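S.K.: Data file final.tsv (TSV, C-alpha atoms) is appended below.
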```tsv
chain	number	residue	atom	x	y	z
G	1	MET	CA	8.47	-5.56	26.09
G	2	ARG	CA	4.83	-6.51	26.82
G	3	VAL	CA	4.54	-3.85	29.55
G	4	THR	CA	5.92	-1.22	27.13
G	5	LEU	CA	3.49	-2.19	24.38
G	6	ALA	CA	0.57	-2.24	26.78
G	7	LEU	CA	1.52	1.23	28.01
G	8	THR	CA	1.87	2.47	24.42
G	9	ALA	CA	-1.57	1.11	23.55
G	10	TRP	CA	-3.05	2.82	26.59
G	11	VAL	CA	-1.40	6.14	25.75
G	12	VAL	CA	-2.59	6.18	22.14
G	13	SER	CA	-6.08	5.18	23.22
G	14	VAL	CA	-6.15	8.12	25.63
G	15	VAL	CA	-4.81	10.50	22.98
G	16	SER	CA	-7.47	9.23	20.57
G	17	SER	CA	-10.12	8.93	23.26
G	18	TYR	CA	-12.96	10.25	21.14
G	19	SER	CA	-15.78	7.72	21.44
G	20	TYR	CA	-17.38	6.88	18.12
G	21	SER	CA	-21.05	6.13	17.70
G	22	THR	CA	-22.87	4.12	15.05
G	23	ASN	CA	-23.17	7.12	12.76
G	24	SER	CA	-19.93	8.96	13.54
G	25	LEU	CA	-17.28	6.58	12.23
G	26	PRO	CA	-15.06	8.47	9.77
G	27	ASP	CA	-15.29	7.83	6.05
G	28	ILE	CA	-12.26	7.23	3.82
G	29	ASP	CA	-12.14	10.88	2.70
G	30	ASN	CA	-12.05	12.22	6.27
G	31	GLU	CA	-8.84	14.24	6.54
G	32	ALA	CA	-8.25	13.55	10.24
G	33	PHE	CA	-8.80	9.82	9.69
G	34	ILE	CA	-6.33	9.78	6.79
G	35	LYS	CA	-3.70	11.65	8.80
G	36	ASP	CA	-4.13	9.26	11.74
G	37	CYS	CA	-3.69	6.20	9.52
G	38	VAL	CA	-0.56	7.55	7.83
G	39	HIS	CA	0.99	9.00	10.98
G	40	ILE	CA	0.74	5.92	13.18
G	41	HIS	CA	2.08	3.65	10.44
G	42	ASN	CA	5.07	5.89	9.82
G	43	LYS	CA	5.66	6.30	13.54
G	44	PHE	CA	6.16	2.57	13.96
G	45	ARG	CA	8.08	2.23	10.68
G	46	SER	CA	10.53	4.94	11.75
G	47	GLU	CA	11.16	3.35	15.15
G	48	VAL	CA	11.76	-0.30	14.21
G	49	LYS	CA	14.39	-2.24	16.13
G	50	PRO	CA	16.80	-3.27	14.81
G	51	ARG	CA	17.01	-0.14	12.67
G	52	ALA	CA	16.00	-0.31	9.02
G	53	SER	CA	18.27	0.85	6.21
G	54	ASP	CA	15.61	0.77	3.47
G	55	MET	CA	12.31	1.72	5.10
G	56	LEU	CA	10.10	3.62	2.65
G	57	TYR	CA	7.92	6.45	3.89
G	58	MET	CA	4.26	5.42	3.64
G	59	THR	CA	1.60	7.63	2.07
G	60	TRP	CA	-2.17	7.43	1.58
G	61	ASP	CA	-3.73	5.79	-1.47
G	62	PRO	CA	-7.45	6.53	-2.12
G	63	GLU	CA	-7.85	3.48	-4.33
G	64	LEU	CA	-6.58	1.18	-1.57
G	65	ALA	CA	-9.00	2.88	0.81
G	66	ARG	CA	-11.92	2.20	-1.53
G	67	ILE	CA	-10.90	-1.47	-1.78
G	68	ALA	CA	-10.70	-1.72	2.01
G	69	LYS	CA	-14.07	-0.02	2.39
G	70	ALA	CA	-15.79	-2.33	-0.09
G	71	TRP	CA	-14.50	-5.39	1.74
G	72	ALA	CA	-15.23	-4.00	5.22
G	73	ARG	CA	-18.90	-3.60	4.28
G	74	ASN	CA	-19.18	-7.40	4.15
G	75	CYS	CA	-18.63	-7.54	7.93
G	76	LYS	CA	-16.50	-10.69	7.69
G	77	PHE	CA	-13.54	-11.48	9.90
G	78	ALA	CA	-11.59	-12.85	6.94
G	79	HIS	CA	-9.16	-11.56	4.34
G	80	ASN	CA	-10.28	-10.49	0.90
G	81	GLU	CA	-9.40	-13.39	-1.41
G	82	ARG	CA	-9.20	-11.11	-4.45
G	83	LEU	CA	-6.13	-9.14	-3.35
G	84	GLY	CA	-3.74	-10.97	-5.67
G	85	PRO	CA	-3.52	-12.58	-9.11
G	86	PRO	CA	-5.43	-13.48	-11.15
G	87	HIS	CA	-7.64	-10.68	-9.80
G	88	LYS	CA	-6.81	-7.04	-10.39
G	89	LEU	CA	-8.36	-4.80	-7.77
G	90	HIS	CA	-5.79	-2.01	-7.95
G	91	SER	CA	-4.59	-0.22	-11.04
G	92	ASN	CA	-0.95	-0.02	-9.91
G	93	PHE	CA	-0.15	-3.12	-7.86
G	94	THR	CA	-0.37	-6.80	-8.74
G	95	SER	CA	-0.90	-7.91	-5.12
G	96	LEU	CA	-2.08	-6.12	-2.01
G	97	GLY	CA	-1.45	-6.73	1.68
G	98	GLU	CA	-4.19	-6.48	4.29
G	99	ASN	CA	-4.57	-6.10	8.05
G	100	ILE	CA	-7.87	-6.42	9.92
G	101	TRP	CA	-8.87	-5.21	13.38
G	102	THR	CA	-12.29	-6.02	14.79
G	103	GLY	CA	-13.48	-4.83	18.18
G	104	SER	CA	-16.01	-2.91	20.21
G	105	LEU	CA	-17.16	0.36	18.70
G	106	SER	CA	-16.59	2.07	22.05
G	107	ILE	CA	-12.84	1.32	22.13
G	108	PHE	CA	-11.95	1.84	18.48
G	109	SER	CA	-9.33	4.31	17.37
G	110	VAL	CA	-6.91	4.15	14.47
G	111	SER	CA	-3.94	4.40	16.83
G	112	SER	CA	-5.06	1.61	19.14
G	113	ALA	CA	-5.84	-0.71	16.21
G	114	VAL	CA	-2.48	-0.22	14.48
G	115	THR	CA	-0.69	-0.43	17.84
G	116	ASN	CA	-2.41	-3.77	18.36
G	117	TRP	CA	-0.98	-5.00	15.05
G	118	TYR	CA	2.49	-3.70	15.88
G	119	SER	CA	2.41	-5.39	19.30
G	120	GLU	CA	2.97	-8.71	17.56
G	121	ILE	CA	6.65	-7.73	17.50
G	122	GLN	CA	6.94	-9.52	20.84
G	123	TYR	CA	6.42	-12.84	19.03
G	124	TYR	CA	8.84	-12.11	16.17
G	125	ASP	CA	12.58	-12.85	16.10
G	126	PHE	CA	14.15	-10.63	13.44
G	127	THR	CA	17.39	-12.63	13.29
G	128	THR	CA	15.76	-15.97	12.53
G	129	ARG	CA	12.44	-14.67	11.11
G	130	LYS	CA	10.68	-17.10	13.43
G	131	CYS	CA	7.29	-16.29	14.92
G	132	THR	CA	6.01	-17.95	18.09
G	133	LYS	CA	2.41	-16.83	17.68
G	134	VAL	CA	0.92	-14.37	15.15
G	135	CYS	CA	3.26	-11.86	13.48
G	136	GLY	CA	1.82	-11.13	10.02
G	137	HIS	CA	0.09	-7.91	11.04
G	138	TYR	CA	3.31	-6.54	12.54
G	139	THR	CA	5.48	-7.49	9.57
G	140	GLN	CA	3.03	-5.89	7.13
G	141	VAL	CA	3.01	-2.63	9.10
G	142	VAL	CA	6.82	-2.45	8.93
G	143	TRP	CA	7.30	-4.01	5.48
G	144	ALA	CA	9.88	-1.70	3.93
G	145	ASP	CA	8.68	-1.95	0.33
G	146	SER	CA	5.00	-1.31	1.14
G	147	TYR	CA	4.81	2.44	0.69
G	148	LYS	CA	1.08	2.92	0.11
G	149	VAL	CA	-1.78	2.42	2.57
G	150	GLY	CA	-5.54	2.88	2.43
G	151	CYS	CA	-7.85	2.14	5.36
G	152	ALA	CA	-11.55	2.05	6.13
G	153	VAL	CA	-13.68	1.43	9.21
G	154	GLN	CA	-17.20	0.01	9.03
G	155	TYR	CA	-19.87	-0.27	11.68
G	156	CYS	CA	-21.19	-3.83	11.86
G	157	PRO	CA	-23.99	-5.00	14.20
G	158	LYS	CA	-22.22	-8.38	14.00
G	159	VAL	CA	-19.15	-9.74	12.21
G	160	SER	CA	-19.09	-13.18	10.62
G	161	GLY	CA	-16.30	-15.21	12.20
G	162	PHE	CA	-16.38	-13.02	15.30
G	163	GLU	CA	-19.53	-14.36	16.90
G	164	GLY	CA	-20.64	-13.38	20.37
G	165	PHE	CA	-20.01	-9.68	19.94
G	166	THR	CA	-22.26	-6.84	18.77
G	167	ASN	CA	-21.87	-3.15	17.87
G	168	ILE	CA	-18.52	-3.64	16.22
G	169	ALA	CA	-16.01	-1.38	14.51
G	170	HIS	CA	-14.51	-3.36	11.62
G	171	PHE	CA	-11.23	-1.69	10.60
G	172	ILE	CA	-9.23	-2.74	7.53
G	173	CYS	CA	-6.02	-1.41	5.99
G	174	ASP	CA	-4.79	-2.48	2.56
G	175	TYR	CA	-1.17	-2.04	1.46
G	176	GLY	CA	0.67	-1.73	-1.84
G	177	PRO	CA	2.72	-3.52	-2.82
G	178	ALA	CA	1.98	-6.50	-0.59
G	179	GLY	CA	4.45	-7.68	2.02
G	180	ASN	CA	4.81	-10.92	3.96
G	181	TYR	CA	6.56	-13.06	1.38
G	182	PRO	CA	9.46	-15.28	2.58
G	183	THR	CA	12.18	-12.80	3.49
G	184	TRP	CA	12.91	-10.17	6.13
G	185	PRO	CA	10.42	-7.28	6.36
G	186	TYR	CA	13.26	-4.78	5.95
G	187	LYS	CA	17.05	-4.58	5.71
G	188	LYS	CA	18.91	-4.09	8.94
G	189	GLY	CA	21.38	-1.21	8.98
G	190	PRO	CA	21.92	2.52	9.57
G	191	PRO	CA	18.70	4.43	8.77
G	192	CYS	CA	18.38	5.39	5.09
G	193	SER	CA	21.74	3.85	4.16
G	194	ALA	CA	20.03	1.63	1.56
G	195	CYS	CA	17.48	4.12	0.24
G	196	PRO	CA	16.76	4.11	-3.51
G	197	GLN	CA	18.71	6.64	-5.53
G	198	ASN	CA	17.48	10.26	-5.29
G	199	ASP	CA	15.54	9.58	-2.07
G	200	GLU	CA	15.86	11.83	0.95
G	201	CYS	CA	15.97	10.71	4.57
G	202	VAL	CA	13.09	11.88	6.78
G	203	ASP	CA	12.57	10.44	10.27
G	204	ASN	CA	14.70	7.38	9.45
G	205	MET	CA	12.66	6.67	6.30
G	206	CYS	CA	13.32	7.01	2.58
G	207	ILE	CA	11.06	9.58	0.96
G	208	ASN	CA	10.64	10.52	-2.69
G	209	PRO	CA	7.56	12.46	-3.87
G	210	GLN	CA	7.89	10.99	-7.37
G	211	ARG	CA	7.30	7.51	-5.99
G	212	ASP	CA	3.75	8.50	-5.07
G	213	LYS	CA	2.97	8.99	-8.75
G	214	VAL	CA	2.77	5.27	-9.48
G	215	THR	CA	2.41	4.46	-13.17
G	216	ARG	CA	3.34	0.78	-13.33
G	217	TYR	CA	2.93	-2.55	-11.60
G	218	TYR	CA	5.59	-3.97	-9.32
G	219	SER	CA	6.32	-7.66	-8.89
G	220	THR	CA	5.54	-8.96	-5.42
G	221	VAL	CA	8.39	-11.46	-5.67
G	222	TYR	CA	10.93	-8.94	-6.94
G	223	PRO	CA	9.59	-5.52	-5.87
G	224	ASP	CA	12.09	-3.60	-7.99
G	225	TRP	CA	11.10	-5.33	-11.23
G	226	PRO	CA	8.58	-3.26	-13.21
G	227	ILE	CA	5.87	-5.06	-15.18
G	228	HIS	CA	4.66	-2.61	-17.81
G	229	LEU	CA	0.99	-2.42	-18.65
G	230	ARG	CA	1.07	-3.31	-22.34
G	231	ASN	CA	0.74	-6.41	-24.47
G	232	ARG	CA	3.02	-7.51	-27.33
G	233	PRO	CA	0.93	-6.23	-30.26
G	234	LEU	CA	0.63	-2.85	-28.59
G	235	SER	CA	4.36	-2.79	-27.82
G	236	LEU	CA	5.15	-3.64	-31.47
G	237	PHE	CA	2.85	-0.88	-32.67
G	238	LEU	CA	4.46	1.67	-30.37
G	239	ILE	CA	7.93	0.66	-31.59
G	240	VAL	CA	7.14	0.58	-35.33
G	241	SER	CA	4.77	3.54	-35.69
G	242	PRO	CA	7.29	6.41	-35.19
G	243	PRO	CA	9.61	5.29	-38.05
G	244	ILE	CA	6.59	4.79	-40.33
G	245	LEU	CA	5.33	8.30	-39.58
G	246	ILE	CA	8.76	9.79	-40.24
G	247	LEU	CA	9.10	7.88	-43.52
G	248	SER	CA	5.61	9.00	-44.59
G	249	ALA	CA	6.50	12.62	-43.91
G	250	ILE	CA	9.68	12.34	-45.99
G	251	ILE	CA	7.79	10.76	-48.92
G	252	THR	CA	5.15	13.49	-48.75
G	253	ILE	CA	7.78	16.23	-48.90
G	254	LEU	CA	9.52	14.59	-51.86
G	255	VAL	CA	6.26	14.13	-53.77
G	256	LYS	CA	5.22	17.74	-53.16
G	257	HIS	CA	8.65	18.93	-54.27
G	258	LYS	CA	8.53	16.92	-57.51
G	259	TYR	CA	4.82	17.46	-58.20
G	260	PRO	CA	4.01	20.89	-56.67
G	261	HIS	CA	0.48	20.95	-58.11
G	262	PHE	CA	-0.51	17.52	-56.75
G	263	VAL	CA	-3.32	17.71	-54.17
G	264	PHE	CA	-3.71	15.44	-51.11
G	265	ARG	CA	-7.30	14.96	-49.94
G	266	GLY	CA	-8.23	13.61	-46.56
```
Could you express the structure from this file as C-alpha cells?

M.R.:
Amino acid sequence: MRVTLALTAWVVSVVSSYSYSTNSLPDIDNEAFIKDCVHIHNKFRSEVKPRASDMLYMTWDPELARIAKAWARNCKFAHNERLGPPHKLHSNFTSLGENIWTGSLSIFSVSSAVTNWYSEIQYYDFTTRKCTKVCGHYTQVVWADSYKVGCAVQYCPKVSGFEGFTNIAHFICDYGPAGNYPTWPYKKGPPCSACPQNDECVDNMCINPQRDKVTRYYSTVYPDWPIHLRNRPLSLFLIVSPPILILSAIITILVKHKYPHFVFRG
C-alpha cells in the first residue's frame, strides 16, 4: 500500500512538474488550477476501496475558493475556526470542511498535495472506522456528501506553526457540506447503487447538474435535511399574503360591478 501511494505521488508530481515561482502561483480563477483541483478529487473519489454506492461527483465552488484564499493569506498552519456555526461564511452551507497542505514552493502541485491527503488511507480501517495516525484529510477527500470544493494556494515567506521553513506554498481546500462527523465517509456497495433519485452514474459517482444550483442550507448532522433560509414572520407573510391578494381582487371586482363610476386612486 505505502509503495503504491509513494509511486502514485511520484507520478502525479512528474505529470504536474511545472515549478512555480513566488509570482506564478495560480489564482482561484485560473482555469487550469480549477480543473486540476476538481479532477484529482474526483479521481480518488471514483476509485475508493471498498467501492462506494453513494459517492457524489464533486464540482468547483467559487465562494469556497474565496473563503480558502482569504484564510490562506494569513499564512497559518491551522484550520479556520469560523467554518461552522455560529459563523456563516458560505451562503449555502452551514458548516464547511477544510484540508491544508504546506510545503516547499518548489515541490508544490495540486495533484501531489491532494495525493498526500489521500495517502492517509493507509492508516484508516473502513470496517471499524479506526485510524492509527492521521486520517481526517483522506476522509474529507472521499466524503460522499461533500460535493463542492474550492481551493487556493498562497505564497508565504514563512508559515506560523510550520517554523524552520521558508518560501512556502500554502494550499487550502474548503468543502461543502462538511464531512468528518462520526460515521463512515461513504456507503459501501456497488457504484451508484445508492445515488439520489434522478442522478446519473459517471465514473462510479452520482452526478446531477441541478445539485450544483444550491439554493438552501443542508444540516451537517443530517445532510439530507434542508434548513430553509427564512424566519417565522417571513414564512407567515409568504403563507398569508396570496389569499389576501386574491380576496382583495375579488372585492375590487364586486365593488366596480356594483358601483361602475367609483374611482380608485393610488

S.K.: Tell me which protein, DNA and RNA residues are within 8 Å of stretch 204-211 of chain G, counting only C-alpha atoms, leaving out same-chain ones fewer than 2 positions away, and put them as a PDB file with C-alpha atoms, in the frame of the given file.

M.R.:
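Written file, around03.pdb:
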```pdb
ATOM      1  CA  ARG G  45       8.080   2.230  10.680  1.00  0.00           C
ATOM      2  CA  SER G  46      10.530   4.940  11.750  1.00  0.00           C
ATOM      3  CA  GLU G  47      11.160   3.350  15.150  1.00  0.00           C
ATOM      4  CA  ALA G  52      16.000  -0.310   9.020  1.00  0.00           C
ATOM      5  CA  ASP G  54      15.610   0.770   3.470  1.00  0.00           C
ATOM      6  CA  MET G  55      12.310   1.720   5.100  1.00  0.00           C
ATOM      7  CA  LEU G  56      10.100   3.620   2.650  1.00  0.00           C
ATOM      8  CA  TYR G  57       7.920   6.450   3.890  1.00  0.00           C
ATOM      9  CA  PRO G 191      18.700   4.430   8.770  1.00  0.00           C
ATOM     10  CA  CYS G 192      18.380   5.390   5.090  1.00  0.00           C
ATOM     11  CA  CYS G 195      17.480   4.120   0.240  1.00  0.00           C
ATOM     12  CA  PRO G 196      16.760   4.110  -3.510  1.00  0.00           C
ATOM     13  CA  ASN G 198      17.480  10.260  -5.290  1.00  0.00           C
ATOM     14  CA  ASP G 199      15.540   9.580  -2.070  1.00  0.00           C
ATOM     15  CA  GLU G 200      15.860  11.830   0.950  1.00  0.00           C
ATOM     16  CA  CYS G 201      15.970  10.710   4.570  1.00  0.00           C
ATOM     17  CA  VAL G 202      13.090  11.880   6.780  1.00  0.00           C
ATOM     18  CA  LYS G 213       2.970   8.990  -8.750  1.00  0.00           C
ATOM     19  CA  VAL G 214       2.770   5.270  -9.480  1.00  0.00           C
TER      20      VAL G 214
END
```

S.K.: Between atom CA of G:Ser193 and atom CA of G:Thr127, what is the distance, to one decimal in Å?

M.R.: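 Spanning atom CA of G:Ser193 to atom CA of G:Thr127 is a straight-line distance of 19.3 Å.
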
S.K.: So that I can see what lies close to G:Gly103, please list as an MDAnalysis selection string the residues with an atom at most 9 Å from it, counting all atoms listed in the file and leaving out residues fewer than 3 positions away in the same chain.

M.R.: chainID G and resid 106:108 113 165 167:171

S.K.: Write out as a compact mmCIF listing (two decimals) with C-alpha atoms, in the frame of the given file which residues come within 12 Å of G:Ser146 when counting only C-alpha atoms, dropping same-chain ones fewer than 3 positions away.

M.R.:
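Final output, selection_0.txt:
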```txt
# COMPACT_ATOMS: atom_id res chain seq x y z
CA HIS G 41 2.08 3.65 10.44
CA ASN G 42 5.07 5.89 9.82
CA ARG G 45 8.08 2.23 10.68
CA ASP G 54 15.61 0.77 3.47
CA MET G 55 12.31 1.72 5.10
CA LEU G 56 10.10 3.62 2.65
CA TYR G 57 7.92 6.45 3.89
CA MET G 58 4.26 5.42 3.64
CA THR G 59 1.60 7.63 2.07
CA TRP G 60 -2.17 7.43 1.58
CA ASP G 61 -3.73 5.79 -1.47
CA PHE G 93 -0.15 -3.12 -7.86
CA SER G 95 -0.90 -7.91 -5.12
CA LEU G 96 -2.08 -6.12 -2.01
CA GLY G 97 -1.45 -6.73 1.68
CA GLU G 98 -4.19 -6.48 4.29
CA THR G 139 5.48 -7.49 9.57
CA GLN G 140 3.03 -5.89 7.13
CA VAL G 141 3.01 -2.63 9.10
CA VAL G 142 6.82 -2.45 8.93
CA TRP G 143 7.30 -4.01 5.48
CA VAL G 149 -1.78 2.42 2.57
CA GLY G 150 -5.54 2.88 2.43
CA ASP G 174 -4.79 -2.48 2.56
CA TYR G 175 -1.17 -2.04 1.46
CA GLY G 176 0.67 -1.73 -1.84
CA PRO G 177 2.72 -3.52 -2.82
CA ALA G 178 1.98 -6.50 -0.59
CA GLY G 179 4.45 -7.68 2.02
CA ASN G 180 4.81 -10.92 3.96
CA TYR G 181 6.56 -13.06 1.38
CA PRO G 185 10.42 -7.28 6.36
CA TYR G 186 13.26 -4.78 5.95
CA CYS G 206 13.32 7.01 2.58
CA ARG G 211 7.30 7.51 -5.99
CA ASP G 212 3.75 8.50 -5.07
CA TYR G 218 5.59 -3.97 -9.32
CA SER G 219 6.32 -7.66 -8.89
CA THR G 220 5.54 -8.96 -5.42
CA PRO G 223 9.59 -5.52 -5.87
CA ASP G 224 12.09 -3.60 -7.99
```

S.K.: Do you know which residues are at most 12 Å from G:Val134 counting all atoms listed in the file, after dropping those on the same chain fewer than 5 positions away, and could you put them as a list in words?

M.R.: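 After dropping sequence-adjacent residues, the list is Asn116, Trp117, Tyr118, Ser119, Glu120, Ile121, Gln122, Tyr123, Tyr124, Asp125, Thr139 and Gln140 of chain G.
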
S.K.: Give me, please, the distance in Å between atom CA of G:Ser109 and atom CA of G:Arg66, quoted to one decimal.

M.R.: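 Between these atoms lies a distance of 19.2 Å.
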
S.K.: May I have the residues at most 10 Å from (-7.6, -5.4, 9.5) in the file's coordinates, counting all atoms listed in the file, as a list in words?

M.R.: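 Within the cut-off we find Ala68, Ala72, Phe77, Ala78, His79, Glu98, Asn99, Ile100, Trp101, Thr102, Ala113, Val114, Trp117, His137, Cys151, Ala152, Val153, His170, Phe171, Ile172, Cys173 and Asp174 of chain G.
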
S.K.: For a quick check of understanding, using all atoms listed in the file, which of G:Phe33, G:Trp184, G:Tyr20, G:Phe44 has the smallest distance to G:Lys130?

M.R.: G:Trp184

S.K.: Counting all atoms listed in the file, which residue out of G:Ile67, G:Ser104, G:Asp36, G:Phe126 sits closest to G:Lys188?

M.R.: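 Of G:Ile67, G:Ser104, G:Asp36, G:Phe126, the one nearest G:Lys188 is G:Phe126, counting all atoms listed in the file.
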
S.K.: Work out how far apart atom CA of G:Asp203 and atom CA of G:Ala65 are and give it in Å to one decimal.

M.R.: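 It comes out at 24.7 Å.
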
S.K.: Edge lengths and centre, in Å to one decimal, as lines of an AutoDock Vina configuration file: that's what I need for the box along x, y and z that holds all listed atoms of stretch 162-166 of chain G plus 8 Å on each side.

M.R.:
```
center_x = -19.3
center_y = -10.6
center_z = 17.8
size_x = 21.9
size_y = 23.5
size_z = 21.1
```

S.K.: Considering all atoms listed in the file, state which residue in the set G:Ile40, G:Gln154, G:Leu89, G:Asp27 is at the smallest distance from G:Leu64.

M.R.: G:Leu89
